[in-house]
$ cat upload-v6.pdb   # PDB, C-alpha atoms
ATOM      1  CA  GLU A   1       6.768  -3.737  17.283  1.00  0.00           C
ATOM      2  CA  PRO A   2       3.590  -1.683  16.766  1.00  0.00           C
ATOM      3  CA  GLU A   3       1.456  -2.775  13.857  1.00  0.00           C
ATOM      4  CA  VAL A   4      -1.770  -1.956  12.071  1.00  0.00           C
ATOM      5  CA  THR A   5      -4.513  -4.487  12.720  1.00  0.00           C
ATOM      6  CA  GLN A   6      -7.681  -5.136  10.733  1.00  0.00           C
ATOM      7  CA  THR A   7     -10.877  -7.051  11.408  1.00  0.00           C
ATOM      8  CA  PRO A   8     -12.395  -9.201  10.151  1.00  0.00           C
ATOM      9  CA  SER A   9      -9.800 -11.010   8.059  1.00  0.00           C
ATOM     10  CA  HIS A  10     -12.508 -12.245   5.717  1.00  0.00           C
ATOM     11  CA  GLN A  11     -16.043 -10.914   5.221  1.00  0.00           C
ATOM     12  CA  VAL A  12     -18.653 -12.523   3.012  1.00  0.00           C
ATOM     13  CA  THR A  13     -21.786 -10.537   2.250  1.00  0.00           C
ATOM     14  CA  GLN A  14     -24.740 -10.461  -0.091  1.00  0.00           C
ATOM     15  CA  MET A  15     -24.974  -7.830  -2.797  1.00  0.00           C
ATOM     16  CA  GLY A  16     -26.785  -4.753  -1.524  1.00  0.00           C
ATOM     17  CA  GLN A  17     -25.806  -5.279   2.100  1.00  0.00           C
ATOM     18  CA  GLU A  18     -23.815  -2.807   4.172  1.00  0.00           C
ATOM     19  CA  VAL A  19     -20.397  -3.773   5.456  1.00  0.00           C
ATOM     20  CA  ILE A  20     -18.050  -2.101   7.908  1.00  0.00           C
ATOM     21  CA  LEU A  21     -14.359  -2.886   7.795  1.00  0.00           C
ATOM     22  CA  ARG A  22     -12.393  -2.059  10.895  1.00  0.00           C
ATOM     23  CA  CYS A  23      -8.819  -0.978  11.419  1.00  0.00           C
ATOM     24  CA  VAL A  24      -6.722  -0.072  14.425  1.00  0.00           C
ATOM     25  CA  PRO A  25      -3.831   2.108  13.212  1.00  0.00           C
ATOM     26  CA  ILE A  26      -0.506   2.380  15.010  1.00  0.00           C
ATOM     27  CA  SER A  27      -1.289   4.309  18.180  1.00  0.00           C
ATOM     28  CA  ASN A  28       0.746   7.504  17.696  1.00  0.00           C
ATOM     29  CA  HIS A  29       0.027   7.813  13.969  1.00  0.00           C
ATOM     30  CA  LEU A  30      -2.051  10.708  12.747  1.00  0.00           C
ATOM     31  CA  TYR A  31      -2.721   9.912   9.059  1.00  0.00           C
ATOM     32  CA  PHE A  32      -4.905   7.039   7.964  1.00  0.00           C
ATOM     33  CA  TYR A  33      -5.567   5.479   4.590  1.00  0.00           C
ATOM     34  CA  TRP A  34      -7.653   2.847   2.864  1.00  0.00           C
ATOM     35  CA  TYR A  35      -6.496   1.022  -0.241  1.00  0.00           C
ATOM     36  CA  ARG A  36      -7.967  -1.919  -2.099  1.00  0.00           C
ATOM     37  CA  GLN A  37      -6.598  -4.651  -4.303  1.00  0.00           C
ATOM     38  CA  ILE A  38      -8.875  -6.527  -6.653  1.00  0.00           C
ATOM     39  CA  LEU A  39      -7.548 -10.025  -7.277  1.00  0.00           C
ATOM     40  CA  GLY A  40      -4.691  -9.942  -9.765  1.00  0.00           C
ATOM     41  CA  GLN A  41      -4.659  -6.163 -10.006  1.00  0.00           C
ATOM     42  CA  LYS A  42      -2.685  -3.274  -8.548  1.00  0.00           C
ATOM     43  CA  VAL A  43      -3.209  -1.879  -5.073  1.00  0.00           C
ATOM     44  CA  GLU A  44      -5.357   1.254  -5.491  1.00  0.00           C
ATOM     45  CA  PHE A  45      -5.725   4.286  -3.238  1.00  0.00           C
ATOM     46  CA  LEU A  46      -9.222   4.943  -1.908  1.00  0.00           C
ATOM     47  CA  VAL A  47      -9.037   7.673   0.715  1.00  0.00           C
ATOM     48  CA  SER A  48      -6.792   9.501   3.168  1.00  0.00           C
ATOM     49  CA  PHE A  49      -7.954  10.865   6.517  1.00  0.00           C
ATOM     50  CA  TYR A  50      -6.448  13.350   8.954  1.00  0.00           C
ATOM     51  CA  ASN A  51      -7.810  15.343  11.858  1.00  0.00           C
ATOM     52  CA  ASN A  52     -11.241  13.763  11.496  1.00  0.00           C
ATOM     53  CA  GLU A  53     -11.568  14.803   7.883  1.00  0.00           C
ATOM     54  CA  ILE A  54     -11.024  13.272   4.499  1.00  0.00           C
ATOM     55  CA  SER A  55      -7.860  14.759   2.975  1.00  0.00           C
ATOM     56  CA  GLU A  56      -8.182  13.164  -0.431  1.00  0.00           C
ATOM     57  CA  LYS A  57     -10.300  10.529  -2.112  1.00  0.00           C
ATOM     58  CA  SER A  58     -10.019   8.726  -5.397  1.00  0.00           C
ATOM     59  CA  GLU A  59     -12.696   8.371  -8.057  1.00  0.00           C
ATOM     60  CA  ILE A  60     -13.370   4.887  -6.694  1.00  0.00           C
ATOM     61  CA  PHE A  61     -14.491   6.374  -3.368  1.00  0.00           C
ATOM     62  CA  ASP A  62     -18.013   7.361  -4.369  1.00  0.00           C
ATOM     63  CA  ASP A  63     -21.105   8.054  -2.250  1.00  0.00           C
ATOM     64  CA  GLN A  64     -21.376   4.392  -1.330  1.00  0.00           C
ATOM     65  CA  PHE A  65     -18.179   4.651   0.705  1.00  0.00           C
ATOM     66  CA  SER A  66     -17.584   6.470   3.962  1.00  0.00           C
ATOM     67  CA  VAL A  67     -14.884   6.545   6.615  1.00  0.00           C
ATOM     68  CA  GLU A  68     -15.019   7.324  10.267  1.00  0.00           C
ATOM     69  CA  ARG A  69     -12.824   7.468  13.320  1.00  0.00           C
ATOM     70  CA  PRO A  70     -15.473   6.694  15.924  1.00  0.00           C
ATOM     71  CA  ASP A  71     -13.092   6.728  18.884  1.00  0.00           C
ATOM     72  CA  GLY A  72      -9.417   7.253  19.639  1.00  0.00           C
ATOM     73  CA  SER A  73      -8.277   3.960  18.206  1.00  0.00           C
ATOM     74  CA  ASN A  74     -10.536   2.639  15.448  1.00  0.00           C
ATOM     75  CA  PHE A  75     -10.739   3.715  11.817  1.00  0.00           C
ATOM     76  CA  THR A  76     -13.576   2.254   9.762  1.00  0.00           C
ATOM     77  CA  LEU A  77     -14.537   1.960   6.121  1.00  0.00           C
ATOM     78  CA  LYS A  78     -18.234   1.521   5.400  1.00  0.00           C
ATOM     79  CA  ILE A  79     -19.700   0.399   2.112  1.00  0.00           C
ATOM     80  CA  ARG A  80     -23.421   1.151   2.166  1.00  0.00           C
ATOM     81  CA  SER A  81     -24.745  -1.125  -0.544  1.00  0.00           C
ATOM     82  CA  THR A  82     -22.166  -3.587  -1.749  1.00  0.00           C
ATOM     83  CA  LYS A  83     -21.792  -4.542  -5.402  1.00  0.00           C
ATOM     84  CA  LEU A  84     -20.136  -7.585  -6.906  1.00  0.00           C
ATOM     85  CA  GLU A  85     -17.263  -5.403  -8.097  1.00  0.00           C
ATOM     86  CA  ASP A  86     -16.504  -4.366  -4.498  1.00  0.00           C
ATOM     87  CA  SER A  87     -15.018  -7.812  -3.927  1.00  0.00           C
ATOM     88  CA  ALA A  88     -11.370  -7.157  -3.130  1.00  0.00           C
ATOM     89  CA  MET A  89      -8.771  -7.109  -0.398  1.00  0.00           C
ATOM     90  CA  TYR A  90      -9.055  -3.879   1.566  1.00  0.00           C
ATOM     91  CA  PHE A  91      -5.945  -2.570   3.271  1.00  0.00           C
ATOM     92  CA  CYS A  92      -5.750   0.028   5.995  1.00  0.00           C
ATOM     93  CA  ALA A  93      -2.538   2.004   6.424  1.00  0.00           C
ATOM     94  CA  SER A  94      -1.254   4.676   8.753  1.00  0.00           C
ATOM     95  CA  SER A  95       1.653   7.075   8.911  1.00  0.00           C
ATOM     96  CA  LEU A  96       3.142   9.103  11.724  1.00  0.00           C
ATOM     97  CA  GLY A  97       2.796  12.567  10.310  1.00  0.00           C
ATOM     98  CA  ALA A  98       3.574  15.017   7.623  1.00  0.00           C
ATOM     99  CA  GLY A  99       7.016  15.761   6.308  1.00  0.00           C
ATOM    100  CA  ALA A 100       9.555  13.710   4.480  1.00  0.00           C
ATOM    101  CA  ARG A 101      10.728  11.673   7.462  1.00  0.00           C
ATOM    102  CA  ASN A 102       7.335  10.711   8.817  1.00  0.00           C
ATOM    103  CA  ASN A 103       5.248   9.705   5.860  1.00  0.00           C
ATOM    104  CA  GLU A 104       6.245   6.050   5.602  1.00  0.00           C
ATOM    105  CA  GLN A 105       2.979   4.142   5.417  1.00  0.00           C
ATOM    106  CA  PHE A 106       2.499   0.951   7.387  1.00  0.00           C
ATOM    107  CA  PHE A 107      -0.126  -1.482   6.189  1.00  0.00           C
ATOM    108  CA  GLY A 108      -2.436  -3.874   7.967  1.00  0.00           C
ATOM    109  CA  PRO A 109      -2.925  -7.510   6.918  1.00  0.00           C
ATOM    110  CA  GLY A 110      -6.080  -6.683   4.979  1.00  0.00           C
ATOM    111  CA  THR A 111      -9.732  -7.727   4.971  1.00  0.00           C
ATOM    112  CA  ARG A 112     -10.814  -9.926   2.107  1.00  0.00           C
ATOM    113  CA  LEU A 113     -14.347  -8.864   1.127  1.00  0.00           C
ATOM    114  CA  THR A 114     -16.381 -11.263  -0.958  1.00  0.00           C
ATOM    115  CA  VAL A 115     -19.710 -10.021  -2.333  1.00  0.00           C
ATOM    116  CA  LEU A 116     -22.076 -12.735  -3.527  1.00  0.00           C
TER
ATOM    117  CA  LYS B   1      -1.723  10.800 -13.863  1.00  0.00           C
ATOM    118  CA  GLN B   2       1.111   8.864 -12.257  1.00  0.00           C
ATOM    119  CA  GLU B   3       1.773   5.416 -13.707  1.00  0.00           C
ATOM    120  CA  VAL B   4       4.126   2.925 -12.076  1.00  0.00           C
ATOM    121  CA  THR B   5       5.536  -0.009 -14.028  1.00  0.00           C
ATOM    122  CA  GLN B   6       7.538  -2.916 -12.696  1.00  0.00           C
ATOM    123  CA  ILE B   7       9.689  -5.168 -14.813  1.00  0.00           C
ATOM    124  CA  PRO B   8       9.926  -8.113 -14.923  1.00  0.00           C
ATOM    125  CA  ALA B   9       6.459  -9.309 -13.879  1.00  0.00           C
ATOM    126  CA  ALA B  10       7.978 -12.560 -12.645  1.00  0.00           C
ATOM    127  CA  LEU B  11      11.484 -13.749 -11.925  1.00  0.00           C
ATOM    128  CA  SER B  12      12.868 -17.119 -10.942  1.00  0.00           C
ATOM    129  CA  VAL B  13      16.433 -17.413  -9.662  1.00  0.00           C
ATOM    130  CA  PRO B  14      18.547 -20.073  -7.936  1.00  0.00           C
ATOM    131  CA  GLU B  15      19.341 -19.577  -4.274  1.00  0.00           C
ATOM    132  CA  GLY B  16      22.384 -17.426  -3.607  1.00  0.00           C
ATOM    133  CA  GLU B  17      22.073 -15.314  -6.721  1.00  0.00           C
ATOM    134  CA  ASN B  18      22.044 -11.520  -6.573  1.00  0.00           C
ATOM    135  CA  LEU B  19      19.124  -9.912  -8.389  1.00  0.00           C
ATOM    136  CA  VAL B  20      17.664  -6.567  -9.395  1.00  0.00           C
ATOM    137  CA  LEU B  21      14.013  -5.573  -9.591  1.00  0.00           C
ATOM    138  CA  ASN B  22      13.063  -2.522 -11.616  1.00  0.00           C
ATOM    139  CA  CYS B  23      10.445   0.159 -11.109  1.00  0.00           C
ATOM    140  CA  SER B  24       9.684   3.132 -13.326  1.00  0.00           C
ATOM    141  CA  PHE B  25       7.273   6.007 -12.862  1.00  0.00           C
ATOM    142  CA  THR B  26       6.000   8.651 -15.246  1.00  0.00           C
ATOM    143  CA  ASP B  27       5.798  11.762 -13.031  1.00  0.00           C
ATOM    144  CA  SER B  28       9.055  12.709 -11.304  1.00  0.00           C
ATOM    145  CA  ALA B  29       7.271  15.002  -8.797  1.00  0.00           C
ATOM    146  CA  ILE B  30       7.281  12.396  -6.050  1.00  0.00           C
ATOM    147  CA  TYR B  31       7.870  12.790  -2.326  1.00  0.00           C
ATOM    148  CA  ASN B  32       9.204   9.341  -1.660  1.00  0.00           C
ATOM    149  CA  LEU B  33       9.238   5.816  -2.971  1.00  0.00           C
ATOM    150  CA  GLN B  34       8.504   2.707  -0.941  1.00  0.00           C
ATOM    151  CA  TRP B  35       9.292  -0.908  -1.687  1.00  0.00           C
ATOM    152  CA  PHE B  36       6.966  -3.494  -0.185  1.00  0.00           C
ATOM    153  CA  ARG B  37       6.873  -7.226   0.059  1.00  0.00           C
ATOM    154  CA  GLN B  38       3.566  -9.081  -0.299  1.00  0.00           C
ATOM    155  CA  ASP B  39       3.196 -12.770   0.501  1.00  0.00           C
ATOM    156  CA  PRO B  40       0.236 -14.632  -1.104  1.00  0.00           C
ATOM    157  CA  GLY B  41      -3.064 -13.543   0.429  1.00  0.00           C
ATOM    158  CA  LYS B  42      -1.287 -11.347   2.945  1.00  0.00           C
ATOM    159  CA  GLY B  43      -0.724  -7.680   3.681  1.00  0.00           C
ATOM    160  CA  LEU B  44       2.087  -5.406   2.598  1.00  0.00           C
ATOM    161  CA  THR B  45       5.334  -5.265   4.525  1.00  0.00           C
ATOM    162  CA  SER B  46       7.346  -2.092   4.075  1.00  0.00           C
ATOM    163  CA  LEU B  47      10.942  -2.921   3.159  1.00  0.00           C
ATOM    164  CA  LEU B  48      12.556   0.395   2.339  1.00  0.00           C
ATOM    165  CA  LEU B  49      11.554   3.998   1.934  1.00  0.00           C
ATOM    166  CA  ILE B  50      13.656   6.412  -0.112  1.00  0.00           C
ATOM    167  CA  GLN B  51      12.979  10.107   0.259  1.00  0.00           C
ATOM    168  CA  SER B  52      12.937  12.146  -2.939  1.00  0.00           C
ATOM    169  CA  SER B  53      16.207  13.833  -1.898  1.00  0.00           C
ATOM    170  CA  GLN B  54      18.002  10.513  -1.419  1.00  0.00           C
ATOM    171  CA  ARG B  55      19.739   8.353  -4.001  1.00  0.00           C
ATOM    172  CA  GLU B  56      20.005   5.133  -2.063  1.00  0.00           C
ATOM    173  CA  GLN B  57      18.763   3.263   1.006  1.00  0.00           C
ATOM    174  CA  THR B  58      20.000   0.010   2.488  1.00  0.00           C
ATOM    175  CA  SER B  59      18.536  -2.537   4.887  1.00  0.00           C
ATOM    176  CA  GLY B  60      20.414  -5.782   5.395  1.00  0.00           C
ATOM    177  CA  ARG B  61      20.654  -7.605   2.059  1.00  0.00           C
ATOM    178  CA  LEU B  62      18.392  -5.052   0.363  1.00  0.00           C
ATOM    179  CA  ASN B  63      19.532  -1.920  -1.393  1.00  0.00           C
ATOM    180  CA  ALA B  64      17.179   0.452  -3.160  1.00  0.00           C
ATOM    181  CA  SER B  65      18.223   3.258  -5.454  1.00  0.00           C
ATOM    182  CA  LEU B  66      16.271   6.194  -6.795  1.00  0.00           C
ATOM    183  CA  ASP B  67      16.878   8.317  -9.875  1.00  0.00           C
ATOM    184  CA  LYS B  68      14.029  10.779  -9.683  1.00  0.00           C
ATOM    185  CA  SER B  69      14.908  12.695 -12.829  1.00  0.00           C
ATOM    186  CA  SER B  70      14.732   9.592 -14.995  1.00  0.00           C
ATOM    187  CA  GLY B  71      11.774   8.143 -13.090  1.00  0.00           C
ATOM    188  CA  ARG B  72      13.478   4.927 -12.021  1.00  0.00           C
ATOM    189  CA  SER B  73      14.162   2.885  -8.928  1.00  0.00           C
ATOM    190  CA  THR B  74      15.821  -0.464  -8.451  1.00  0.00           C
ATOM    191  CA  LEU B  75      15.698  -2.936  -5.613  1.00  0.00           C
ATOM    192  CA  TYR B  76      18.833  -5.035  -5.305  1.00  0.00           C
ATOM    193  CA  ILE B  77      18.635  -8.250  -3.299  1.00  0.00           C
ATOM    194  CA  ALA B  78      21.950  -9.830  -2.423  1.00  0.00           C
ATOM    195  CA  ALA B  79      22.495 -13.539  -1.855  1.00  0.00           C
ATOM    196  CA  SER B  80      18.859 -14.471  -2.404  1.00  0.00           C
ATOM    197  CA  GLN B  81      17.208 -17.081  -0.170  1.00  0.00           C
ATOM    198  CA  PRO B  82      14.055 -19.193  -0.618  1.00  0.00           C
ATOM    199  CA  GLY B  83      12.434 -17.075   2.094  1.00  0.00           C
ATOM    200  CA  ASP B  84      12.722 -14.068  -0.215  1.00  0.00           C
ATOM    201  CA  SER B  85      10.091 -15.612  -2.490  1.00  0.00           C
ATOM    202  CA  ALA B  86       7.200 -13.145  -2.594  1.00  0.00           C
ATOM    203  CA  THR B  87       5.779 -10.360  -4.731  1.00  0.00           C
ATOM    204  CA  TYR B  88       7.692  -7.099  -4.487  1.00  0.00           C
ATOM    205  CA  LEU B  89       5.728  -3.901  -4.969  1.00  0.00           C
ATOM    206  CA  CYS B  90       7.030  -0.443  -5.733  1.00  0.00           C
ATOM    207  CA  ALA B  91       4.913   2.556  -4.723  1.00  0.00           C
ATOM    208  CA  VAL B  92       5.483   6.287  -5.216  1.00  0.00           C
ATOM    209  CA  ALA B  93       4.045   8.928  -2.924  1.00  0.00           C
ATOM    210  CA  ALA B  94       2.426  12.113  -4.145  1.00  0.00           C
ATOM    211  CA  TYR B  95       1.118  14.837  -1.893  1.00  0.00           C
ATOM    212  CA  SER B  96      -2.651  14.614  -1.619  1.00  0.00           C
ATOM    213  CA  GLY B  97      -3.420  17.469   0.744  1.00  0.00           C
ATOM    214  CA  ALA B  98      -3.419  18.246   4.487  1.00  0.00           C
ATOM    215  CA  GLY B  99      -0.108  16.477   4.971  1.00  0.00           C
ATOM    216  CA  SER B 100      -1.200  13.110   3.606  1.00  0.00           C
ATOM    217  CA  TYR B 101       0.499  11.232   0.807  1.00  0.00           C
ATOM    218  CA  GLN B 102      -1.244   9.023  -1.693  1.00  0.00           C
ATOM    219  CA  LEU B 103       0.663   5.955  -2.859  1.00  0.00           C
ATOM    220  CA  THR B 104       0.496   4.787  -6.463  1.00  0.00           C
ATOM    221  CA  PHE B 105       1.534   1.174  -6.845  1.00  0.00           C
ATOM    222  CA  GLY B 106       3.054  -0.913  -9.560  1.00  0.00           C
ATOM    223  CA  LYS B 107       1.696  -4.352 -10.265  1.00  0.00           C
ATOM    224  CA  GLY B 108       4.689  -6.012  -8.682  1.00  0.00           C
ATOM    225  CA  THR B 109       7.400  -8.517  -9.521  1.00  0.00           C
ATOM    226  CA  LYS B 110       6.744 -12.074  -8.375  1.00  0.00           C
ATOM    227  CA  LEU B 111      10.055 -13.518  -7.219  1.00  0.00           C
ATOM    228  CA  SER B 112      10.709 -17.221  -6.816  1.00  0.00           C
ATOM    229  CA  VAL B 113      14.024 -18.301  -5.294  1.00  0.00           C
ATOM    230  CA  ILE B 114      14.726 -21.938  -6.047  1.00  0.00           C
ATOM    231  CA  PRO B 115      16.634 -23.922  -3.377  1.00  0.00           C
TER
END
$ encode --input "upload-v6.pdb" --output "structure tokens"
Amino acid sequence: EPEVTQTPSHQVTQMGQEVILRCVPISNHLYFYWYRQILGQKVEFLVSFYNNEISEKSEIFDDQFSVERPDGSNFTLKIRSTKLEDSAMYFCASSLGAGARNNEQFFGPGTRLTVL
Amino acid sequence: KQEVTQIPAALSVPEGENLVLNCSFTDSAIYNLQWFRQDPGKGLTSLLLIQSSQREQTSGRLNASLDKSSGRSTLYIAASQPGDSATYLCAVAAYSGAGSYQLTFGKGTKLSVIP
């Protein structure tokens, strides 16, 4: 069964460093998302992406964050200068398309980001 | 702003018992509602999706209902098993532009099924 994959599973970085989290969505899906979950808290929406553009972003997704689909398969989240409070599990998700029957979101296993 | 609440926060039941998890949301203008399962330190597994026009959805021992007007959903698990132990998350979808849907999550119900 097709699934969303994410790499790395765990990333440790120093405060102020740049990190890139990678995702491979399900191959025929057209809509891509990033969410994060700080330990013990709710899963929070960061950004949605379609047709090589951001569709929507939350207030969390400030200028330090960016997303890119560099090729036909990968979808990346970059944090330019990490802060301690960026430590969280980051989930990538994808959905097939628009419309009521196609917008079920499928999640990857997550990347645990630890900022020291 | 949409708020999603799940009650109870934790639940412990003996194996074989039927149980109900509750989810409520403040804004009834949703497009669908998804129930997920999350194992410790792991990703989210989609269990059921209910479209806003539906009242109920079933998959195996799971049955989810949706009452959009009252802002409530329930997840019914029949004949619980120790393997059902996990955190169950409810998420509602709102349209966020260009065909994409933003999910707002509850904090989850942590279920423990005791053998």
$ atom_distance --input "upload-v6.pdb" --atom1 "atom CA of Asn103 of chain A" --atom2 "atom CA of Ile20 of chain A"
26.2 Å
$ residues_around --input "upload-v6.pdb" --residues "Val113 of chain B" --least-positions-apart "5" --cutoff "10 Å" --atoms "only C-alpha atoms" --output "MDAnalysis selection string"
chainID B and resid 11:17 80:86
$ residues_around --input "upload-v6.pdb" --residues "Pro8 of chain B" --least-positions-apart "6" --cutoff "8 Å" --atoms "all atoms listed in the file" --output "PyMOL selection string"
chain B and resi 21-22+109
$ resolve_selection --input "upload-v6.pdb" --expression "the ChimeraX specification (/A :<8) & /B" --output "list in words"
Tyr31, Asn32, Gln34, Lys42, Gly43, Leu44, Thr45, Ser46, Leu49, Gln51, Ser96, Gly97, Ala98, Gly99, Ser100, Tyr101, Gln102, Leu103, Thr104, Phe105, Gly106, Lys107 and Gly108 of chain B
$ residues_around --input "upload-v6.pdb" --residues "segment 62-67 of chain A" --least-positions-apart "5" --cutoff "7 Å" --atoms "all atoms listed in the file" --output "compact mmCIF listing (two decimals) with C-alpha atoms, in the coordinates of the input"
# COMPACT_ATOMS: atom_id res chain seq x y z
CA THR A 76 -13.58 2.25 9.76
CA LEU A 77 -14.54 1.96 6.12
CA LYS A 78 -18.23 1.52 5.40
CA ILE A 79 -19.70 0.40 2.11
CA ARG A 80 -23.42 1.15 2.17
CA SER A 81 -24.74 -1.12 -0.54
$ residues_around --input "upload-v6.pdb" --residues "Ser59 of chain B" --least-positions-apart "3" --cutoff "8 Å" --atoms "only C-alpha atoms" --output "list in words"
Leu47, Leu48, Leu62 and Asn63 of chain B
$ atom_distance --input "upload-v6.pdb" --atom1 "atom CA of Ala78 of chain B" --atom2 "atom CA of Ser28 of chain B"
27.4 Å
$ resolve_selection --input "upload-v6.pdb" --expression "the PyMOL selection byres ((chain B and resi 27) around 8)" --output "list in words"
Lys1, Gln2, Glu3, Phe25, Thr26, Ser28, Ala29, Ile30 and Gly71 of chain B
$ atom_distance --input "upload-v6.pdb" --atom1 "atom CA of Cys23 of chain A" --atom2 "atom CA of Phe75 of chain A"
5.1 Å
$ resolve_selection --input "upload-v6.pdb" --expression "the PyMOL selection byres ((chain A and resi 16) around 7)" --output "short mmCIF file (atom, residue, chain, number, x, y, z; two decimals) with C-alpha atoms, keeping the file's coordinate frame"
data_model
loop_
_atom_site.label_atom_id
_atom_site.label_comp_id
_atom_site.auth_asym_id
_atom_site.auth_seq_id
_atom_site.Cartn_x
_atom_site.Cartn_y
_atom_site.Cartn_z
CA GLN A 14 -24.74 -10.46 -0.09
CA MET A 15 -24.97 -7.83 -2.80
CA GLN A 17 -25.81 -5.28 2.10
CA GLU A 18 -23.82 -2.81 4.17
CA SER A 81 -24.74 -1.12 -0.54
CA THR A 82 -22.17 -3.59 -1.75
CA LYS A 83 -21.79 -4.54 -5.40
#
$ closest_residue --input "upload-v6.pdb" --among "B:Leu33, B:Ala93, B:Leu19, B:Asp39" --to "Arg61 of chain B" --atoms "only C-alpha atoms"
B:Leu19
